[in-house]
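Colleague: Just run_9.txt, nothing more (compact mmCIF, C-alpha atoms and all ligand atoms):
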```txt
# COMPACT_ATOMS: atom_id res chain seq x y z
CA MET L 1 117.64 42.71 5.95
CA ASN L 2 118.42 42.74 9.67
CA LYS L 3 122.05 43.79 9.43
CA ILE L 4 124.08 43.58 12.61
CA PRO L 5 127.42 45.35 12.27
CA LEU L 6 130.60 43.32 12.45
CA THR L 7 132.81 44.23 15.40
CA ARG L 8 136.49 43.61 15.91
CA LYS L 9 136.59 43.50 19.67
CA ARG L 10 133.48 41.41 20.23
CA LYS L 11 132.54 43.88 22.98
CA ILE L 12 135.15 43.77 25.71
CA ARG L 13 136.38 40.27 25.13
CA ILE L 14 140.10 40.19 24.61
CA TRP L 15 141.24 36.69 23.94
CA GLU L 16 144.50 35.41 25.27
CA HIS L 17 146.06 31.99 25.37
CA ALA L 18 145.46 29.57 28.20
CA ASN L 19 147.83 26.85 29.36
CA ASP L 20 145.51 24.22 27.96
CA LEU L 21 146.11 24.10 24.20
CA HIS L 22 142.38 23.86 23.51
CA LEU L 23 141.29 26.82 25.58
CA PHE L 24 141.06 30.50 24.88
CA ASN L 25 140.80 32.89 27.81
CA GLY L 26 138.82 36.07 27.62
CA PHE L 27 136.35 38.25 29.44
CA SER L 28 132.61 37.80 29.39
CA GLU L 29 130.36 40.81 29.00
CA ASP L 30 130.17 41.26 32.78
CA GLN L 31 133.98 41.29 32.97
CA ASN L 32 134.30 37.83 34.50
CA LYS L 33 137.19 35.86 33.16
CA ILE L 34 136.11 32.87 31.12
CA SER L 35 137.88 29.99 29.38
CA LEU L 36 136.34 28.52 26.28
CA ILE L 37 137.10 25.40 24.25
CA ASP L 38 138.27 26.68 20.88
CA LEU L 39 136.02 25.33 18.11
CA ALA L 40 136.73 28.29 15.86
CA SER L 41 140.35 28.68 14.86
CA ASN L 42 142.07 27.09 11.85
CA ASP L 43 144.74 25.53 14.04
CA TYR L 44 143.45 22.08 13.01
CA LEU L 45 146.37 20.08 14.36
CA CYS L 46 146.67 22.10 17.54
CA LEU L 47 150.26 23.10 16.77
CA ASN L 48 149.92 26.82 17.39
CA ARG L 49 151.30 26.69 20.93
CA ASP L 50 153.16 23.39 20.70
CA PRO L 51 156.43 23.81 22.65
CA ARG L 52 158.38 22.09 19.87
CA LEU L 53 157.35 24.80 17.40
CA ILE L 54 157.99 27.55 19.92
CA ASN L 55 161.48 26.20 20.70
CA ALA L 56 162.34 25.94 17.00
CA ALA L 57 161.14 29.51 16.45
CA ASN L 58 163.13 30.77 19.46
CA ARG L 59 166.34 29.13 18.31
CA VAL L 60 166.08 30.67 14.84
CA MET L 61 164.95 34.02 16.21
CA SER L 62 168.17 34.23 18.27
CA SER L 63 170.42 33.49 15.33
CA GLN L 64 168.55 34.77 12.25
CA GLY L 65 166.45 37.61 13.64
CA ILE L 66 162.87 38.28 14.65
CA GLY L 67 162.19 39.87 11.28
CA SER L 68 164.01 39.46 8.01
CA GLY L 69 164.77 43.16 7.56
CA GLY L 70 164.35 43.22 3.81
CA SER L 71 162.75 41.63 0.80
CA HIS L 72 163.95 38.23 -0.44
CA LEU L 73 165.93 39.73 -3.33
CA VAL L 74 167.72 42.31 -1.17
CA THR L 75 168.71 41.26 2.36
CA GLY L 76 165.71 39.24 3.58
CA SER L 77 166.65 35.66 2.59
CA ARG L 78 167.86 33.49 5.46
CA PRO L 79 169.11 29.88 5.68
CA ILE L 80 165.81 28.88 7.33
CA HIS L 81 163.88 29.99 4.22
CA TYR L 82 165.92 27.67 1.99
CA GLU L 83 165.57 24.81 4.48
CA LEU L 84 161.81 25.22 4.51
CA GLU L 85 161.56 25.49 0.72
CA ASN L 86 163.66 22.35 0.23
CA ALA L 87 161.73 20.33 2.79
CA LEU L 88 158.37 21.36 1.32
CA GLY L 89 159.51 20.65 -2.22
CA LYS L 90 160.51 17.11 -1.24
CA TRP L 91 157.34 16.51 0.77
CA LEU L 92 155.02 17.70 -1.98
CA ASN L 93 157.16 16.39 -4.81
CA ARG L 94 157.29 19.84 -6.45
CA GLU L 95 160.24 21.33 -8.28
CA HIS L 96 159.93 24.83 -6.91
CA ILE L 97 158.67 26.43 -3.70
CA LEU L 98 158.54 30.17 -3.19
CA LEU L 99 157.75 31.61 0.23
CA PHE L 100 155.48 34.60 0.93
CA PRO L 101 154.61 36.43 4.15
CA SER L 102 150.95 35.45 3.78
CA GLY L 103 148.56 33.32 1.76
CA PHE L 104 146.78 36.46 0.64
CA GLN L 105 149.98 37.69 -1.02
CA ALA L 106 150.81 34.27 -2.47
CA ASN L 107 147.42 34.11 -4.20
CA LEU L 108 147.75 37.68 -5.42
CA ALA L 109 151.19 36.87 -6.84
CA ALA L 110 150.05 33.65 -8.52
CA LEU L 111 147.05 35.22 -10.24
CA ASN L 112 149.07 38.22 -11.37
CA ALA L 113 151.60 35.89 -12.94
CA LEU L 114 149.01 33.58 -14.53
CA ALA L 115 146.56 36.09 -15.94
CA ASN L 116 146.49 39.36 -17.85
CA ARG L 117 144.08 41.48 -19.86
CA LYS L 118 143.87 38.81 -22.56
CA THR L 119 142.96 36.06 -20.09
CA VAL L 120 139.65 34.75 -18.81
CA VAL L 121 139.82 33.52 -15.23
CA ILE L 122 137.07 31.08 -14.32
CA ALA L 123 136.46 30.90 -10.58
CA ASP L 124 134.20 28.89 -8.31
CA LYS L 125 131.47 31.17 -6.95
CA LEU L 126 132.80 30.82 -3.40
CA VAL L 127 136.57 31.24 -3.81
CA HIS L 128 138.52 33.22 -1.26
CA HIS L 129 138.71 37.01 -1.49
CA SER L 130 142.49 36.97 -2.04
CA LEU L 131 142.03 35.08 -5.32
CA LEU L 132 139.47 37.59 -6.54
CA VAL L 133 141.74 40.48 -5.65
CA GLY L 134 144.47 38.74 -7.67
CA VAL L 135 142.19 38.44 -10.69
CA LYS L 136 141.23 42.09 -10.43
CA ALA L 137 144.84 43.21 -10.18
CA SER L 138 145.78 41.13 -13.23
CA GLY L 139 143.21 42.90 -15.42
CA ALA L 140 141.77 39.54 -16.54
CA LYS L 141 138.09 39.02 -17.26
CA LEU L 142 136.41 37.08 -14.44
CA LYS L 143 133.75 34.43 -15.04
CA ARG L 144 132.16 32.38 -12.26
CA PHE L 145 130.64 28.93 -12.02
CA ALA L 146 128.27 27.61 -9.34
CA HIS L 147 130.02 26.09 -6.35
CA ASN L 148 131.69 22.78 -7.26
CA ASP L 149 129.47 22.45 -10.34
CA LEU L 150 131.46 20.70 -13.08
CA ASN L 151 128.68 20.93 -15.66
CA GLU L 152 128.62 24.68 -15.35
CA LEU L 153 132.40 24.84 -15.40
CA GLU L 154 132.42 22.87 -18.65
CA LYS L 155 129.95 25.30 -20.24
CA VAL L 156 132.01 28.33 -19.23
CA LEU L 157 135.23 26.66 -20.37
CA ARG L 158 133.73 25.84 -23.77
CA LEU L 159 132.89 29.51 -24.27
CA SER L 160 136.28 30.72 -22.98
CA GLN L 161 138.64 28.20 -24.53
CA HIS L 162 140.18 30.71 -26.94
CA HIS L 163 140.95 33.27 -24.23
CA ASN L 164 143.86 31.60 -22.38
CA PRO L 165 141.56 30.31 -19.62
CA VAL L 166 142.75 29.89 -16.05
CA VAL L 167 140.54 27.92 -13.65
CA ILE L 168 140.77 28.59 -9.91
CA THR L 169 139.30 26.82 -6.91
CA GLU L 170 140.08 25.69 -3.36
CA SER L 171 140.59 22.09 -2.28
CA LEU L 172 138.72 22.65 1.00
CA PHE L 173 136.40 25.64 1.14
CA SER L 174 136.93 27.60 4.30
CA MET L 175 133.36 28.64 5.03
CA GLU L 176 131.54 25.57 3.64
CA GLY L 177 133.82 22.66 4.48
CA THR L 178 133.16 21.30 0.97
CA SER L 179 135.67 20.02 -1.60
CA PRO L 180 135.47 19.93 -5.39
CA ASN L 181 136.02 16.96 -7.68
CA LEU L 182 139.58 18.00 -8.48
CA LYS L 183 140.24 15.08 -10.80
CA GLY L 184 137.17 15.93 -12.89
CA MET L 185 138.12 19.60 -12.97
CA ALA L 186 141.68 18.78 -14.01
CA LYS L 187 140.34 16.67 -16.89
CA LEU L 188 138.14 19.54 -18.07
CA CYS L 189 141.08 21.94 -17.89
CA GLU L 190 143.13 19.56 -19.97
CA LYS L 191 140.33 19.18 -22.52
CA PHE L 192 139.96 22.95 -22.99
CA GLY L 193 143.60 23.91 -22.61
CA ALA L 194 143.14 25.79 -19.33
CA ILE L 195 145.71 26.34 -16.58
CA PHE L 196 144.41 24.94 -13.28
CA PHE L 197 145.39 26.69 -10.03
CA VAL L 198 144.27 25.35 -6.64
CA ASP L 199 144.43 27.00 -3.23
CA GLU L 200 145.25 24.28 -0.67
CA ALA L 201 145.13 26.64 2.35
CA HIS L 202 142.74 24.57 4.46
CA ALA L 203 143.58 21.08 3.21
CA LEU L 204 147.32 21.10 3.67
CA GLY L 205 148.49 19.14 6.71
CA VAL L 206 145.11 17.48 7.12
CA MET L 207 143.67 16.14 3.87
CA GLY L 208 145.12 13.86 1.20
CA SER L 209 147.78 11.22 1.56
CA LYS L 210 149.67 11.82 4.85
CA GLY L 211 148.33 15.37 4.99
CA ARG L 212 149.99 16.42 1.75
CA GLY L 213 146.85 18.09 0.45
CA MET L 214 144.34 17.05 -2.18
CA CYS L 215 146.49 17.97 -5.18
CA TYR L 216 149.40 15.73 -4.21
CA GLU L 217 148.16 12.72 -6.18
CA LEU L 218 147.23 15.00 -9.09
CA SER L 219 150.46 16.92 -9.39
CA ASP L 220 150.81 15.96 -13.08
CA SER L 221 147.62 17.83 -13.95
CA ILE L 222 147.58 20.52 -11.25
CA LYS L 223 150.83 22.34 -11.85
CA ILE L 224 150.50 25.25 -9.42
CA ILE L 225 149.15 25.34 -5.90
CA SER L 226 149.23 27.77 -3.01
CA GLY L 227 149.43 26.78 0.63
CA THR L 228 149.57 28.68 3.91
CA PHE L 229 151.33 28.03 7.23
CA GLY L 230 148.64 29.98 9.09
CA LYS L 231 146.21 27.08 9.43
CA ALA L 232 147.16 23.43 10.12
CA PHE L 233 150.83 24.43 10.46
CA GLY L 234 149.91 26.71 13.36
CA CYS L 235 152.25 29.53 12.27
CA GLY L 236 151.97 32.12 9.51
CA GLY L 237 153.35 32.67 6.04
CA ALA L 238 152.67 30.84 2.81
CA PHE L 239 154.08 29.44 -0.43
CA ILE L 240 153.50 28.78 -4.10
CA ALA L 241 154.52 25.32 -5.31
CA SER L 242 155.08 24.89 -9.03
CA ASN L 243 157.52 23.77 -11.67
CA LYS L 244 160.88 25.48 -11.95
CA ALA L 245 159.91 27.69 -14.88
CA PHE L 246 156.89 29.23 -13.14
CA GLY L 247 158.80 29.68 -9.87
CA GLU L 248 161.61 31.50 -11.73
CA HIS L 249 159.02 33.63 -13.53
CA LEU L 250 157.60 34.69 -10.13
CA ILE L 251 161.05 35.57 -8.81
CA GLN L 252 161.82 37.67 -11.88
CA THR L 253 158.50 39.44 -12.30
CA SER L 254 156.23 39.27 -9.25
CA GLY L 255 155.66 42.54 -7.38
CA PRO L 256 153.89 40.81 -4.42
CA PHE L 257 157.02 38.64 -4.05
CA ARG L 258 159.66 41.28 -4.69
CA TYR L 259 158.31 44.31 -2.87
CA THR L 260 157.56 42.91 0.55
CA THR L 261 159.62 42.03 3.62
CA ALA L 262 160.47 38.32 3.55
CA LEU L 263 158.66 35.87 5.84
CA ALA L 264 159.78 36.34 9.46
CA PRO L 265 162.49 33.74 10.26
CA PRO L 266 160.80 32.45 13.46
CA LEU L 267 157.62 31.73 11.47
CA ALA L 268 159.65 29.86 8.87
CA ALA L 269 161.29 27.84 11.67
CA GLY L 270 157.94 27.07 13.32
CA SER L 271 156.53 26.00 9.96
CA LEU L 272 159.48 23.72 9.29
CA GLU L 273 159.04 22.11 12.70
CA ALA L 274 155.29 21.70 12.02
CA LEU L 275 156.17 19.99 8.75
CA ARG L 276 158.57 17.68 10.58
CA LEU L 277 155.84 16.74 13.06
CA ILE L 278 153.26 16.17 10.32
CA GLN L 279 155.71 13.86 8.54
CA GLU L 280 156.49 12.07 11.78
CA ASN L 281 152.77 11.58 12.49
CA PRO L 282 151.28 10.63 9.11
CA THR L 283 147.96 9.51 10.63
CA TRP L 284 147.07 12.86 12.28
CA GLY L 285 145.05 13.97 9.26
CA GLU L 286 143.19 10.66 8.89
CA GLU L 287 142.33 10.58 12.59
CA LEU L 288 141.01 14.12 12.47
CA LEU L 289 138.83 13.35 9.45
CA LYS L 290 137.42 10.30 11.25
CA GLU L 291 136.53 12.48 14.22
CA ALA L 292 134.99 15.12 11.92
CA LYS L 293 132.80 12.43 10.35
CA LYS L 294 131.57 11.45 13.81
CA TRP L 295 130.71 15.10 14.56
CA ARG L 296 128.91 15.50 11.22
CA ASN L 297 126.79 12.41 11.81
CA ARG L 298 125.92 13.41 15.36
CA ILE L 299 124.96 16.95 14.30
CA SER L 300 122.79 15.69 11.45
CA SER L 301 121.15 13.14 13.78
CA LYS L 302 119.68 16.20 15.53
CA GLY L 303 118.21 17.53 12.30
CA TRP L 304 120.90 20.14 11.58
CA SER L 305 122.62 20.04 8.26
CA CYS L 306 126.13 20.86 7.20
CA PRO L 307 127.17 21.20 3.56
CA PRO L 308 128.68 17.88 2.38
CA GLY L 309 132.39 17.41 3.03
CA ASN L 310 135.06 15.28 4.69
CA GLY L 311 137.26 17.89 6.27
CA PRO L 312 137.44 19.38 9.76
CA ILE L 313 135.26 22.41 8.90
CA LEU L 314 131.59 21.92 9.74
CA SER L 315 129.40 24.81 8.72
CA ILE L 316 126.05 24.72 10.45
CA VAL L 317 123.89 27.06 8.42
CA VAL L 318 121.56 28.81 10.83
CA GLY L 319 119.92 31.47 8.63
CA THR L 320 119.70 35.04 9.87
CA ASP L 321 122.50 37.07 11.46
CA LYS L 322 120.43 37.28 14.63
CA GLU L 323 119.99 33.54 14.95
CA SER L 324 123.67 32.87 14.34
CA LEU L 325 124.62 35.35 17.08
CA TYR L 326 122.08 33.74 19.40
CA TYR L 327 123.78 30.38 18.99
CA GLN L 328 127.25 31.90 19.28
CA LYS L 329 126.25 33.33 22.65
CA LYS L 330 124.59 30.12 23.76
CA LEU L 331 127.73 28.13 22.98
CA GLU L 332 129.81 30.67 24.85
CA LYS L 333 127.63 30.34 27.93
CA ASN L 334 128.31 26.62 27.78
CA GLY L 335 132.07 26.94 27.49
CA LEU L 336 132.49 26.70 23.71
CA LEU L 337 134.02 29.23 21.32
CA SER L 338 132.53 29.39 17.85
CA VAL L 339 132.10 32.51 15.79
CA ALA L 340 128.97 33.37 13.83
CA ILE L 341 130.04 33.90 10.23
CA ARG L 342 127.80 36.44 8.53
CA PRO L 343 127.45 38.32 5.26
CA PRO L 344 129.45 39.65 3.47
CA THR L 345 131.76 36.72 4.25
CA VAL L 346 128.96 34.30 3.29
CA PRO L 347 125.89 34.91 1.09
CA GLU L 348 122.87 36.73 2.58
CA GLY L 349 120.54 34.44 4.54
CA THR L 350 123.22 31.80 5.16
CA ALA L 351 124.74 33.06 8.41
CA ARG L 352 126.35 30.12 10.10
CA LEU L 353 128.23 28.68 12.98
CA ARG L 354 131.58 27.58 11.66
CA ILE L 355 132.63 24.68 13.83
CA VAL L 356 136.20 23.50 13.53
CA VAL L 357 137.09 20.02 14.75
CA ARG L 358 140.64 20.19 16.03
CA ARG L 359 143.03 17.42 17.02
CA ASN L 360 142.51 15.96 20.51
CA LEU L 361 139.64 18.20 21.62
CA PRO L 362 138.35 17.41 25.14
CA HIS L 363 136.09 14.34 25.02
CA ASP L 364 132.90 16.13 26.03
CA SER L 365 133.17 18.89 23.36
CA LEU L 366 130.80 17.26 20.88
CA GLU L 367 128.13 16.49 23.49
CA LYS L 368 128.35 20.07 24.82
CA LEU L 369 127.81 21.33 21.27
CA ILE L 370 124.83 19.04 20.72
CA PHE L 371 123.33 20.18 24.02
CA CYS L 372 123.57 23.82 22.89
CA LEU L 373 122.17 23.23 19.44
CA GLY L 374 119.30 21.06 20.62
CA ALA L 375 117.09 19.42 18.01
CA LYS L 376 116.39 21.47 14.89
C1 LIG R 401 141.20 29.73 1.16
C2 LIG R 401 142.16 30.72 1.73
N1 LIG R 401 143.17 31.14 0.96
C3 LIG R 401 144.06 32.04 1.41
C4 LIG R 401 143.95 32.57 2.67
C5 LIG R 401 144.94 33.59 3.12
O1 LIG R 401 145.92 32.97 3.87
P1 LIG R 401 146.75 33.81 4.94
O2 LIG R 401 145.90 33.85 6.16
O3 LIG R 401 148.02 33.06 5.10
O4 LIG R 401 146.94 35.18 4.36
C6 LIG R 401 142.93 32.14 3.51
C7 LIG R 401 142.82 32.68 4.88
O5 LIG R 401 141.87 33.20 5.32
C8 LIG R 401 142.00 31.21 3.02
O6 LIG R 401 140.98 30.82 3.78
```
Mind converting the file's structure to structure tokens?

Modeller:
Amino acid sequence: MNKIPLTRKRKIRIWEHANDLHLFNGFSEDQNKISLIDLASNDYLCLNRDPRLINAANRVMSSQGIGSGGSHLVTGSRPIHYELENALGKWLNREHILLFPSGFQANLAALNALANRKTVVIADKLVHHSLLVGVKASGAKLKRFAHNDLNELEKVLRLSQHHNPVVITESLFSMEGTSPNLKGMAKLCEKFGAIFFVDEAHALGVMGSKGRGMCYELSDSIKIISGTFGKAFGCGGAFIASNKAFGEHLIQTSGPFRYTTALAPPLAAGSLEALRLIQENPTWGEELLKEAKKWRNRISSKGWSCPPGNGPILSIVVGTDKESLYYQKKLEKNGLLSVAIRPPTVPEGTARLRIVVRRNLPHDSLEKLIFCLGAK
């Protein structure tokens, strides 16, 4: 296998923000300053540098601190945390919201609370690393099913039904751009008495009715979800939404909740402002998905294929590490920022360009991308 090591600095490029919300500034290999259109970050709604979020964060930072100075159960809880929890609970129609400093920790906490040594956790083959770490920490037995394959899930569930099964998946897969049939999965979980836990990290703010994620309409059968503010909300931090009993259980027993400094108040304020904007602009998600469909069609008209999906993540599977880096460089030369995603993040032989369609990208972005890709 032609392994090319992963690097943090991408040579000497140090990215910094530009005035234009869609640009990233950095240095090219010959030290010339370059600005690239950002087709790589998870800031789907382009809120990351929105002045309204920054002002909200500044206001709260002045009054409630830059950091929270303690864990939630000691001195870390601030009024802004309760405001955010209440607003999210109403928006998602969930009884209980519990905040975490990151989605990684939220997933770790949820799995630790849901599973133990007597449990079988059944996970989609491509679920996020944080969920797998959670399963490992819980001591549960892990079984996998092929990506989004309900037939296989049913077989595994049948065999595991007497072992307190927990089924885990994501509503929008971060490296594929695919989504499962959540309704079908929920029915299977009901049939075999399994708890169903869904990570909404990439769907929240963008997918589902008015951006409320893909579990919103299924909240009767999907009782626990995780979400993060680090993607469409443009900030950082995360939450678990559940019924009151599970939320209380987390507060009383969860190490990843209890033994960590509470979410930084400015991030909570930025996230609350992002939520306000998403509510005020209920068509943002729909419009973005329409644009993503246009991009998908145009890319496939050139013979390239993306895994099926409706969301803003378009994974163009290129093949080898070398080829993916070739295209990354070619895009960069033409003013576009996309990052080659390589093993171990994705399976061997499926290195890809992960293209993210973000709100209000410059009009010529798609044609620039097509020019770089050429015909397959
Ligand atoms: C599906 C999924 N879940 C959870 C996380 C972790 O979220 P956070 O970045 O807030 O830790 C990520 C981020 O990479 C993710 O892609």

Colleague: Considering all atoms listed in the file, state which residue in the set L:Lys187, L:Arg296, L:His363, L:His202 is at the smallest distance from ligand LIG 401 (chain R).

Modeller: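 The answer is L:His202, which sits nearest to ligand LIG 401 (chain R).
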
Colleague: Taking all atoms listed in the file and a cut-off of 9 Å, can you tell me which residues surround ligand LIG 401 (chain R), written as a PyMOL selection string?

Modeller: chain L and resi 42+100-107+127-131+169-175+199-202+226-231+236-239

Colleague: List every protein, DNA or RNA residue that has an atom no more than 12 Å from (139.5, 12.6, -9.8) in the file's coordinate frame, counting all atoms listed in the file, and report them as a list in words.

Modeller: Leu150, Ser179, Pro180, Asn181, Leu182, Lys183, Gly184, Met185, Ala186, Lys187, Leu188, Met214, Cys215, Tyr216, Glu217, Leu218, Ser219, Ser221 and Ile222 of chain L

Colleague: Need the shell around L:Phe27: protein/DNA/RNA residues with any atom at most 9 Å away, counting all atoms listed in the file. Skip same-chain ones fewer than 5 positions apart. Format as an MDAnalysis selection string?

Modeller: chainID L and resid 12:15 32:35

Colleague: Name the residues in contact with L:Leu373 at a cut-off of 9 Å, using all atoms listed in the file, excluding same-chain residues fewer than 4 positions from it; report them as a list in words.

Modeller: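 Final neighbour list, sorted by chain and number: Ile299, Lys302, Trp304, Tyr327, Lys330, Leu331, Lys368 and Leu369 of chain L.
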
Colleague: With distances taken over all atoms listed in the file, which of L:Gly374, L:Ser138, L:Pro362, L:Asn281 is nearest to L:Leu21?

Modeller: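 Nearest candidate to L:Leu21 out of L:Gly374, L:Ser138, L:Pro362, L:Asn281: L:Pro362.
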
Colleague: Residues at most 9 Å from stretch 81-97 of chain L, counting only C-alpha atoms, excluding those fewer than 5 positions away in the same chain, as a list in words?

Modeller: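 My list of contacting residues is Arg212, Gly213, Tyr216, Ser219, Lys223, Phe239, Ile240, Ala241, Ser242, Asn243, Lys244, Ala245, Phe246, Gly247, Glu248, Leu263, Pro265, Ala268, Ala269, Ser271, Leu272, Leu275, Arg276 and Gln279 of chain L.
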
Colleague: Taking 5 positions as the minimum chain separation for residues in the same chain, which residues sit within 7 Å of L:Ala351 when counting all atoms listed in the file? Answer as number ranges by chain.

Modeller: L: 317-321, 324, 340-343, 346

Colleague: Place a sphere of radius 12 Å on (168.3, 32.7, 15.9) in the file coordinates and name every protein, DNA or RNA residue with an atom inside or on its surface, counting only C-alpha atoms; give the answer as JSON, numbers by chain.

Modeller: {"L": [55, 56, 57, 58, 59, 60, 61, 62, 63, 64, 65, 66, 67, 68, 78, 79, 80, 264, 265, 266, 267, 268, 269]}

Colleague: Find the residue from L:Ala274, L:Trp284, L:Lys125, L:Phe196 that sits nearest to L:Asp50; use only C-alpha atoms when measuring.

Modeller: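 Checking each of L:Ala274, L:Trp284, L:Lys125, L:Phe196 against L:Asp50, counting only C-alpha atoms, the winner is L:Ala274.
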
Colleague: Might you pull out every residue within 10 Å of L:Val206, with all atoms listed in the file counted and same-chain residues fewer than 4 positions away left off, and present them as number ranges by chain?

Modeller: L: 44-45, 202, 210-214, 231-233, 278, 282-289, 311-312

Colleague: Counting only C-alpha atoms, which residue out of L:Arg144, L:Arg352, L:Arg298, L:Arg359 sits closest to L:Ser338?

Modeller: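 Under the stated criterion, the closest residue is L:Arg352.
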
Colleague: For a test of reading the model, state the distance in Å between atom CA of L:Cys235 and atom CA of L:Ser41, rounded to one decimal.

Modeller: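 About the pair atom CA of L:Cys235 and atom CA of L:Ser41: they are 12.2 Å apart.
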
Colleague: By how many Å are atom CA of L:Gln328 and atom CA of L:Leu132 apart?

Modeller: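 Separation between atom CA of L:Gln328 and atom CA of L:Leu132: 29.1 Å.
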
Colleague: At what distance in Å, to one decimal, does atom CA of L:Gly255 lie from atom CA of L:His163?

Modeller: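 One can read the atom CA of L:His163 to atom CA of L:Gly255 distance as 24.2 Å.
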
Colleague: Looking at L:Pro256, L:Pro307, L:Gly335, L:Gly76, which one is nearest to L:Ala113, with distances taken over all atoms listed in the file?

Modeller: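 For L:Ala113, the nearest of the given residues is L:Pro256.
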
Colleague: Which of these residues is nearest to L:Ala40, using all atoms listed in the file: L:Asp149, L:Glu323, L:Glu332, L:Glu348?

Modeller: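 Looking only at the distances to L:Ala40, the closest residue turns out to be L:Glu332.
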